[in-house]
Amino acid sequence: MSIGQITPDFDGTTVLVTGGAQGIGYQIASYFHSAGARVAVLDYDKKLLDEAWGGVDRVYLTAVDVSDGDAVRSAVDDIVAWAGGIDVAVNNAGIARDAVVWKLTDEQWDSVLAVHTTGTFNVTRSVVPHMRAAGAGRIINVTSYTGMHGNIGQSNYAAAKGGIIAFTKSVAKEVARFGITCNAISPNASTAMVAAVPPDRLAEMTASVPLGRFAEASEMAPAVGFLASAQAAYVTGVVLPVDGGVSM
């Protein structure tokens with residue numbers, strides 16, 4: 001059996017990806033870059049950013065804390081000056097600070113919501129005026145199964161990802177009249193967070209996936225590519241599960 005391939009073409013497009021130095025974010029940025037886009041990669045870790053992307057053409061690197069609204073606004077202005085605009089924004093940056101709720105510290109709670117939820121807000125607020133001026137744009141947020149169903153030891157992470165889902169739907173309604181779509185993906189991939197799960201628990205999690213495995217991080221990128229494409233012009237406000245069926 002032969003499965004056909006969709007060849008993406010983002011030549012001339014400018015794509016912003018947060019958390020793009022490693023994991024899913026790196027794979028998403030690489031996908032767009034391979035498809036001809038100019039890619040602005042934002043990440044908190046400058047060393048990882050330089051190691052992953054240093055010297056690559058059509059790439060703009062910015063070490064920034066997405067929870068800092070002023071820093072994000074400045075970074076977006078610089079990217080627009082570099083590329084002339086921003087066509088696609090992918091909010092992927094995230095962290096985990098796990099603990100059961102009665103042991104969660106203020107720092108663990110605040111930092112997770114600051115990076116995931118406030119970071120997504122900061123980037124979105126900064127790019128929308130530029131997309132409005134262009135009359136088009138794509139915003140794609142990365143959420144999680146945990147944001148819809150919860151998980152033991154991750155009430156902060158669940159709250160952050162659940163907030164992103166609600167934020168995605170609200171923004172989709174606000175910006176649709178400007179030709180901008182706002183969607184999200186809910187991934188289930190092998191990442192550093194998954195690697196930190198104890199082996200017995202990881203085995204249980206893997207067994208719960210109908211397709212029988214965690215995806216490679218690179219398998220998340222085509223779904224983002226679809227939502228960013230012209231073919232998805234009539235798709236907005238949705239959360240696309242890319243999870244091997246675990247959310248069924």
# chains A, B, ... in the order shown; residues from 1 in each chain; ligands from 1
>>> closest_atom_pairs(of="stretch 138-193 of chain A", to="stretch 219-222 of chain A", cutoff="10 Å", atoms="only C-alpha atoms", output="tab-separated table")
residue	atom	partner	partner_atom	distance
A:Val142	CA	A:Met220	CA	10.0
A:Ile185	CA	A:Met220	CA	8.3
A:Ser186	CA	A:Met220	CA	9.0
A:Pro187	CA	A:Met220	CA	6.6
A:Asn188	CA	A:Met220	CA	8.3
A:Ala189	CA	A:Met220	CA	7.6
>>> write_last_selection(atoms="N, CA and C atoms", output="JSON list (two decimals), in the first residue's frame")
[["chain", "number", "residue", "atom", "x", "y", "z"],
["A", 142, "VAL", "N", -0.09, 25.53, 20.93],
["A", 142, "VAL", "CA", 0.13, 24.14, 21.33],
["A", 142, "VAL", "C", -0.46, 23.95, 22.72],
["A", 185, "ILE", "N", -3.18, 22.71, 18.35],
["A", 185, "ILE", "CA", -3.00, 21.27, 18.27],
["A", 185, "ILE", "C", -2.80, 20.73, 19.69],
["A", 186, "SER", "N", -3.20, 19.48, 19.87],
["A", 186, "SER", "CA", -2.99, 18.79, 21.14],
["A", 186, "SER", "C", -2.11, 17.57, 20.86],
["A", 187, "PRO", "N", -0.81, 17.69, 21.11],
["A", 187, "PRO", "CA", 0.13, 16.65, 20.69],
["A", 187, "PRO", "C", 0.30, 15.52, 21.71],
["A", 188, "ASN", "N", 0.85, 14.43, 21.24],
["A", 188, "ASN", "CA", 1.23, 13.32, 22.11],
["A", 188, "ASN", "C", 2.53, 12.74, 21.55],
["A", 189, "ALA", "N", 3.63, 13.37, 21.90],
["A", 189, "ALA", "CA", 4.91, 13.03, 21.28],
["A", 189, "ALA", "C", 6.00, 12.80, 22.32]]
>>> residues_around(residues="A:Asp77", least_positions_apart="3", cutoff="12 Å", atoms="only C-alpha atoms", output="PyMOL selection string")
chain A and resi 16+40+62+70-74+80-86+123+126-130
>>> write_last_selection(atoms="all heavy atoms", output="CSV table (one decimal), in the first residue's frame")
chain,number,residue,atom,x,y,z
A,16,LEU,N,6.8,32.7,12.9
A,16,LEU,CA,7.4,32.8,14.2
A,16,LEU,C,7.1,31.6,15.0
A,16,LEU,O,5.9,31.2,15.1
A,16,LEU,CB,6.8,34.1,14.9
A,16,LEU,CG,7.2,34.5,16.3
A,16,LEU,CD1,6.9,36.0,16.5
A,16,LEU,CD2,6.5,33.7,17.4
A,40,ALA,N,11.4,32.9,12.3
A,40,ALA,CA,11.9,33.6,13.5
A,40,ALA,C,11.7,32.6,14.6
A,40,ALA,O,10.6,32.3,15.0
A,40,ALA,CB,11.1,34.9,13.7
A,62,THR,N,16.0,34.9,18.4
A,62,THR,CA,15.8,35.9,19.5
A,62,THR,C,15.7,35.1,20.8
A,62,THR,O,14.8,34.2,21.0
A,62,THR,CB,14.5,36.7,19.3
A,62,THR,OG1,14.6,37.4,18.1
A,62,THR,CG2,14.4,37.7,20.5
A,70,ASP,N,6.8,43.2,27.4
A,70,ASP,CA,7.6,44.2,26.7
A,70,ASP,C,8.7,43.6,25.8
A,70,ASP,O,8.9,44.0,24.7
A,70,ASP,CB,8.3,45.2,27.7
A,70,ASP,CG,7.2,46.1,28.4
A,70,ASP,OD1,6.1,46.3,27.8
A,70,ASP,OD2,7.5,46.6,29.5
A,71,ALA,N,9.3,42.5,26.3
A,71,ALA,CA,10.4,41.8,25.5
A,71,ALA,C,9.8,41.2,24.3
A,71,ALA,O,10.4,41.2,23.2
A,71,ALA,CB,11.1,40.8,26.4
A,72,VAL,N,8.6,40.6,24.4
A,72,VAL,CA,8.0,40.0,23.3
A,72,VAL,C,7.6,41.0,22.2
A,72,VAL,O,7.8,40.8,21.0
A,72,VAL,CB,6.7,39.2,23.7
A,72,VAL,CG1,5.9,38.8,22.5
A,72,VAL,CG2,7.1,37.9,24.5
A,73,ARG,N,7.0,42.1,22.7
A,73,ARG,CA,6.6,43.2,21.8
A,73,ARG,C,7.8,43.7,21.0
A,73,ARG,O,7.7,43.9,19.8
A,73,ARG,CB,5.9,44.3,22.5
A,73,ARG,CG,5.3,45.4,21.6
A,73,ARG,CD,4.6,46.5,22.5
A,73,ARG,NE,3.5,46.0,23.2
A,73,ARG,CZ,3.4,45.7,24.5
A,73,ARG,NH1,4.5,46.0,25.2
A,73,ARG,NH2,2.3,45.3,25.0
A,74,SER,N,8.9,43.9,21.7
A,74,SER,CA,10.1,44.4,21.0
A,74,SER,C,10.7,43.3,20.0
A,74,SER,O,11.1,43.7,18.9
A,74,SER,CB,11.2,44.7,22.1
A,74,SER,OG,12.4,45.1,21.5
A,80,VAL,N,9.4,41.9,12.4
A,80,VAL,CA,8.7,42.6,11.3
A,80,VAL,C,9.7,43.5,10.5
A,80,VAL,O,9.6,43.5,9.3
A,80,VAL,CB,7.5,43.4,11.9
A,80,VAL,CG1,6.9,44.3,10.8
A,80,VAL,CG2,6.5,42.5,12.4
A,81,ALA,N,10.6,44.1,11.2
A,81,ALA,CA,11.6,44.9,10.5
A,81,ALA,C,12.5,44.1,9.7
A,81,ALA,O,12.9,44.5,8.6
A,81,ALA,CB,12.4,45.7,11.5
A,82,TRP,N,12.8,42.9,10.1
A,82,TRP,CA,13.7,41.9,9.4
A,82,TRP,C,13.0,41.3,8.2
A,82,TRP,O,13.5,41.2,7.1
A,82,TRP,CB,14.1,40.8,10.4
A,82,TRP,CG,14.8,39.6,9.7
A,82,TRP,CD1,16.0,39.5,9.1
A,82,TRP,CD2,14.2,38.3,9.6
A,82,TRP,NE1,16.2,38.3,8.6
A,82,TRP,CE2,15.2,37.4,9.0
A,82,TRP,CE3,13.0,37.7,10.1
A,82,TRP,CZ2,15.0,36.1,8.7
A,82,TRP,CZ3,12.8,36.3,9.8
A,82,TRP,CH2,13.8,35.5,9.2
A,83,ALA,N,11.7,40.9,8.4
A,83,ALA,CA,11.0,40.2,7.3
A,83,ALA,C,9.9,40.9,6.6
A,83,ALA,O,9.4,40.5,5.6
A,83,ALA,CB,10.4,38.9,7.9
A,84,GLY,N,9.5,42.1,7.2
A,84,GLY,CA,8.4,42.8,6.5
A,84,GLY,C,7.0,42.5,7.0
A,84,GLY,O,6.1,43.1,6.7
A,85,GLY,N,6.9,41.5,7.9
A,85,GLY,CA,5.7,41.1,8.4
A,85,GLY,C,5.8,39.7,9.1
A,85,GLY,O,6.8,39.1,9.1
A,86,ILE,N,4.7,39.2,9.7
A,86,ILE,CA,4.6,37.9,10.2
A,86,ILE,C,3.3,37.3,9.7
A,86,ILE,O,2.2,37.8,10.0
A,86,ILE,CB,4.6,37.9,11.8
A,86,ILE,CG1,6.0,38.5,12.3
A,86,ILE,CG2,4.4,36.5,12.4
A,86,ILE,CD1,6.0,38.7,13.8
A,123,VAL,N,2.5,36.9,22.8
A,123,VAL,CA,2.9,36.8,21.4
A,123,VAL,C,1.7,37.1,20.5
A,123,VAL,O,1.8,37.9,19.5
A,123,VAL,CB,3.4,35.4,21.1
A,123,VAL,CG1,3.6,35.2,19.6
A,123,VAL,CG2,4.7,35.1,21.8
A,126,SER,N,0.9,40.7,20.3
A,126,SER,CA,1.9,41.5,19.6
A,126,SER,C,1.8,41.3,18.1
A,126,SER,O,2.1,42.2,17.3
A,126,SER,CB,3.3,41.1,20.1
A,126,SER,OG,3.4,41.5,21.4
A,127,VAL,N,1.4,40.1,17.6
A,127,VAL,CA,1.4,39.8,16.2
A,127,VAL,C,0.1,40.2,15.5
A,127,VAL,O,0.1,40.5,14.3
A,127,VAL,CB,1.7,38.3,15.9
A,127,VAL,CG1,3.0,37.9,16.4
A,127,VAL,CG2,0.6,37.4,16.4
A,128,VAL,N,-1.0,40.2,16.2
A,128,VAL,CA,-2.3,40.5,15.6
A,128,VAL,C,-2.4,41.8,14.9
A,128,VAL,O,-2.9,41.9,13.7
A,128,VAL,CB,-3.5,40.4,16.6
A,128,VAL,CG1,-4.7,41.0,16.1
A,128,VAL,CG2,-3.7,38.9,16.9
A,129,PRO,N,-1.8,42.9,15.4
A,129,PRO,CA,-1.9,44.2,14.7
A,129,PRO,C,-1.2,44.1,13.3
A,129,PRO,O,-1.7,44.7,12.3
A,129,PRO,CB,-1.2,45.2,15.6
A,129,PRO,CG,-1.4,44.6,17.0
A,129,PRO,CD,-1.3,43.1,16.8
A,130,HIS,N,-0.1,43.4,13.2
A,130,HIS,CA,0.6,43.2,12.0
A,130,HIS,C,-0.2,42.3,11.0
A,130,HIS,O,-0.2,42.6,9.8
A,130,HIS,CB,2.0,42.6,12.2
A,130,HIS,CG,2.9,43.4,13.1
A,130,HIS,ND1,3.4,44.6,12.7
A,130,HIS,CD2,3.2,43.3,14.4
A,130,HIS,CE1,4.1,45.2,13.7
A,130,HIS,NE2,4.0,44.4,14.7
>>> closest_residue(among="A:Asn92, A:Pro241, A:Ala63, A:Leu211", to="A:Met148", atoms="only C-alpha atoms")
A:Pro241
>>> residues_around(residues="A:Asp9", least_positions_apart="4", cutoff="9 Å", atoms="only C-alpha atoms", output="list of chain:residue names")
A:Phe32, A:Ser34, A:Ala35, A:Gly36, A:Ala37, A:Ser229
>>> residues_around(residues="A:Thr181", least_positions_apart="6", cutoff="12 Å", atoms="only C-alpha atoms", output="MDAnalysis selection string")
chainID A and resid 87:90 124 128 131:132 135:141 168:175 227:238
>>> write_last_selection(atoms="C-alpha atoms", output="PDB file, in the first residue's frame")
ATOM      1  CA  ASP A  87       2.269  35.492   8.460  1.00  0.00           C
ATOM      2  CA  VAL A  88       2.190  32.627  10.968  1.00  0.00           C
ATOM      3  CA  ALA A  89       2.734  32.584  14.732  1.00  0.00           C
ATOM      4  CA  VAL A  90       3.169  29.275  16.558  1.00  0.00           C
ATOM      5  CA  THR A 124      -0.680  36.803  20.065  1.00  0.00           C
ATOM      6  CA  VAL A 128      -2.310  40.482  15.608  1.00  0.00           C
ATOM      7  CA  MET A 131      -1.682  40.456  10.676  1.00  0.00           C
ATOM      8  CA  ARG A 132      -4.633  42.834  10.692  1.00  0.00           C
ATOM      9  CA  GLY A 135      -5.490  41.266   6.072  1.00  0.00           C
ATOM     10  CA  ALA A 136      -4.486  37.681   6.821  1.00  0.00           C
ATOM     11  CA  GLY A 137      -2.653  35.523   9.336  1.00  0.00           C
ATOM     12  CA  ARG A 138      -2.447  32.207  11.098  1.00  0.00           C
ATOM     13  CA  ILE A 139      -2.065  31.714  14.860  1.00  0.00           C
ATOM     14  CA  ILE A 140      -1.472  28.156  16.057  1.00  0.00           C
ATOM     15  CA  ASN A 141      -1.196  27.319  19.746  1.00  0.00           C
ATOM     16  CA  THR A 168      -7.726  30.038  21.250  1.00  0.00           C
ATOM     17  CA  LYS A 169     -11.496  29.943  20.824  1.00  0.00           C
ATOM     18  CA  SER A 170     -11.965  33.510  22.053  1.00  0.00           C
ATOM     19  CA  VAL A 171      -9.224  34.919  19.829  1.00  0.00           C
ATOM     20  CA  ALA A 172     -10.590  32.982  16.846  1.00  0.00           C
ATOM     21  CA  LYS A 173     -13.898  34.817  17.257  1.00  0.00           C
ATOM     22  CA  GLU A 174     -12.200  38.181  17.659  1.00  0.00           C
ATOM     23  CA  VAL A 175      -9.882  38.051  14.658  1.00  0.00           C
ATOM     24  CA  LEU A 227      -3.426  24.798   9.969  1.00  0.00           C
ATOM     25  CA  ALA A 228      -0.995  27.405   8.637  1.00  0.00           C
ATOM     26  CA  SER A 229      -1.774  26.644   4.997  1.00  0.00           C
ATOM     27  CA  ALA A 230      -4.157  28.217   2.508  1.00  0.00           C
ATOM     28  CA  GLN A 231      -6.080  24.942   2.517  1.00  0.00           C
ATOM     29  CA  ALA A 232      -7.088  25.617   6.144  1.00  0.00           C
ATOM     30  CA  ALA A 233      -8.492  29.077   5.444  1.00  0.00           C
ATOM     31  CA  TYR A 234     -11.945  27.979   6.620  1.00  0.00           C
ATOM     32  CA  VAL A 235     -10.710  26.256   9.796  1.00  0.00           C
ATOM     33  CA  THR A 236     -10.666  28.339  12.967  1.00  0.00           C
ATOM     34  CA  GLY A 237     -11.250  27.910  16.690  1.00  0.00           C
ATOM     35  CA  VAL A 238     -10.494  24.193  16.692  1.00  0.00           C
TER      36      VAL A 238
END
>>> select_by_dssp(residues="stretch 37-220 of chain A", states="strand (DSSP E)", output="VMD selection string")
chain A and resid 38 to 43 59 to 63 88 to 91 137 to 142 180 to 187
>>> residues_around(residues="A:Asp57", least_positions_apart="4", cutoff="10 Å", atoms="only C-alpha atoms", output="list in words")
His33, Arg38, Val39 and Trp53 of chain A
>>> write_last_selection(atoms="N, CA and C atoms", output="CSV table (one decimal), in the first residue's frame")
chain,number,residue,atom,x,y,z
A,33,HIS,N,11.0,25.9,7.7
A,33,HIS,CA,12.2,26.3,7.1
A,33,HIS,C,12.4,25.4,5.8
A,38,ARG,N,10.8,31.9,5.8
A,38,ARG,CA,11.7,32.6,6.7
A,38,ARG,C,11.2,32.3,8.1
A,39,VAL,N,12.1,31.9,9.0
A,39,VAL,CA,11.6,31.5,10.3
A,39,VAL,C,12.3,32.3,11.4
A,53,TRP,N,20.4,26.5,15.7
A,53,TRP,CA,20.1,27.3,14.6
A,53,TRP,C,21.2,28.3,14.1
>>> select_by_dssp(residues="stretch 56-239 of chain A", states="helix (DSSP H, G or I)", output="ChimeraX atom specification")
/A:69-83,101-103,106-134,146-149,155-178,192-195,199-207,217-228,230-232
>>> atom_distance(atom1="atom CA of A:Ala160", atom2="atom CA of A:Thr120")
10.1 Å
>>> closest_residue(among="A:Ile164, A:Gly147, A:Ala184, A:Arg125", to="A:Gly225", atoms="only C-alpha atoms")
A:Ala184
>>> residues_around(residues="A:Glu216", least_positions_apart="6", cutoff="12 Å", atoms="only C-alpha atoms", output="ChimeraX atom specification")
/A:23-24,27-28,187-192,194,222,242-244
>>> write_last_selection(atoms="N, CA and C atoms", output="CSV table (one decimal), in the first residue's frame")
chain,number,residue,atom,x,y,z
A,23,GLY,N,12.9,20.0,20.8
A,23,GLY,CA,11.6,19.3,20.9
A,23,GLY,C,10.7,19.6,19.8
A,24,ILE,N,9.4,19.7,20.1
A,24,ILE,CA,8.3,19.9,19.1
A,24,ILE,C,8.6,21.3,18.4
A,27,GLN,N,11.1,21.1,15.7
A,27,GLN,CA,10.7,20.3,14.6
A,27,GLN,C,9.7,21.1,13.8
A,28,ILE,N,8.8,21.9,14.4
A,28,ILE,CA,7.9,22.8,13.7
A,28,ILE,C,8.7,23.8,12.9
A,187,PRO,N,-0.8,17.7,21.1
A,187,PRO,CA,0.1,16.6,20.7
A,187,PRO,C,0.3,15.5,21.7
A,188,ASN,N,0.9,14.4,21.2
A,188,ASN,CA,1.2,13.3,22.1
A,188,ASN,C,2.5,12.7,21.6
A,189,ALA,N,3.6,13.4,21.9
A,189,ALA,CA,4.9,13.0,21.3
A,189,ALA,C,6.0,12.8,22.3
A,190,SER,N,7.0,12.1,21.9
A,190,SER,CA,8.2,11.9,22.8
A,190,SER,C,9.0,13.2,22.9
A,191,THR,N,9.0,13.7,24.1
A,191,THR,CA,9.7,15.0,24.4
A,191,THR,C,10.5,14.8,25.6
A,192,ALA,N,11.2,15.9,26.0
A,192,ALA,CA,12.0,15.8,27.3
A,192,ALA,C,11.0,15.6,28.5
A,194,VAL,N,8.2,13.9,28.5
A,194,VAL,CA,7.9,12.5,28.4
A,194,VAL,C,9.0,11.6,28.9
A,222,PRO,N,3.6,18.5,10.6
A,222,PRO,CA,2.6,18.6,9.5
A,222,PRO,C,1.2,19.1,9.8
A,242,VAL,N,-3.4,15.5,17.8
A,242,VAL,CA,-2.4,14.8,17.1
A,242,VAL,C,-1.8,13.8,18.1
A,243,ASP,N,-2.6,12.8,18.5
A,243,ASP,CA,-2.3,12.1,19.7
A,243,ASP,C,-2.4,10.6,19.6
A,244,GLY,N,-2.5,10.1,18.3
A,244,GLY,CA,-2.6,8.6,18.2
A,244,GLY,C,-3.9,8.1,18.7
>>> closest_residue(among="A:Gln154, A:Ser30, A:Ser144, A:Gln108", to="A:Ala52", atoms="only C-alpha atoms")
A:Ser30
>>> residues_around(residues="A:Ala99", least_positions_apart="3", cutoff="12 Å", atoms="only C-alpha atoms", output="PyMOL selection string")
chain A and resi 96+102-109+112+151-158
>>> atom_distance(atom1="atom CA of A:Pro198", atom2="atom CA of A:Tyr145")
18.9 Å
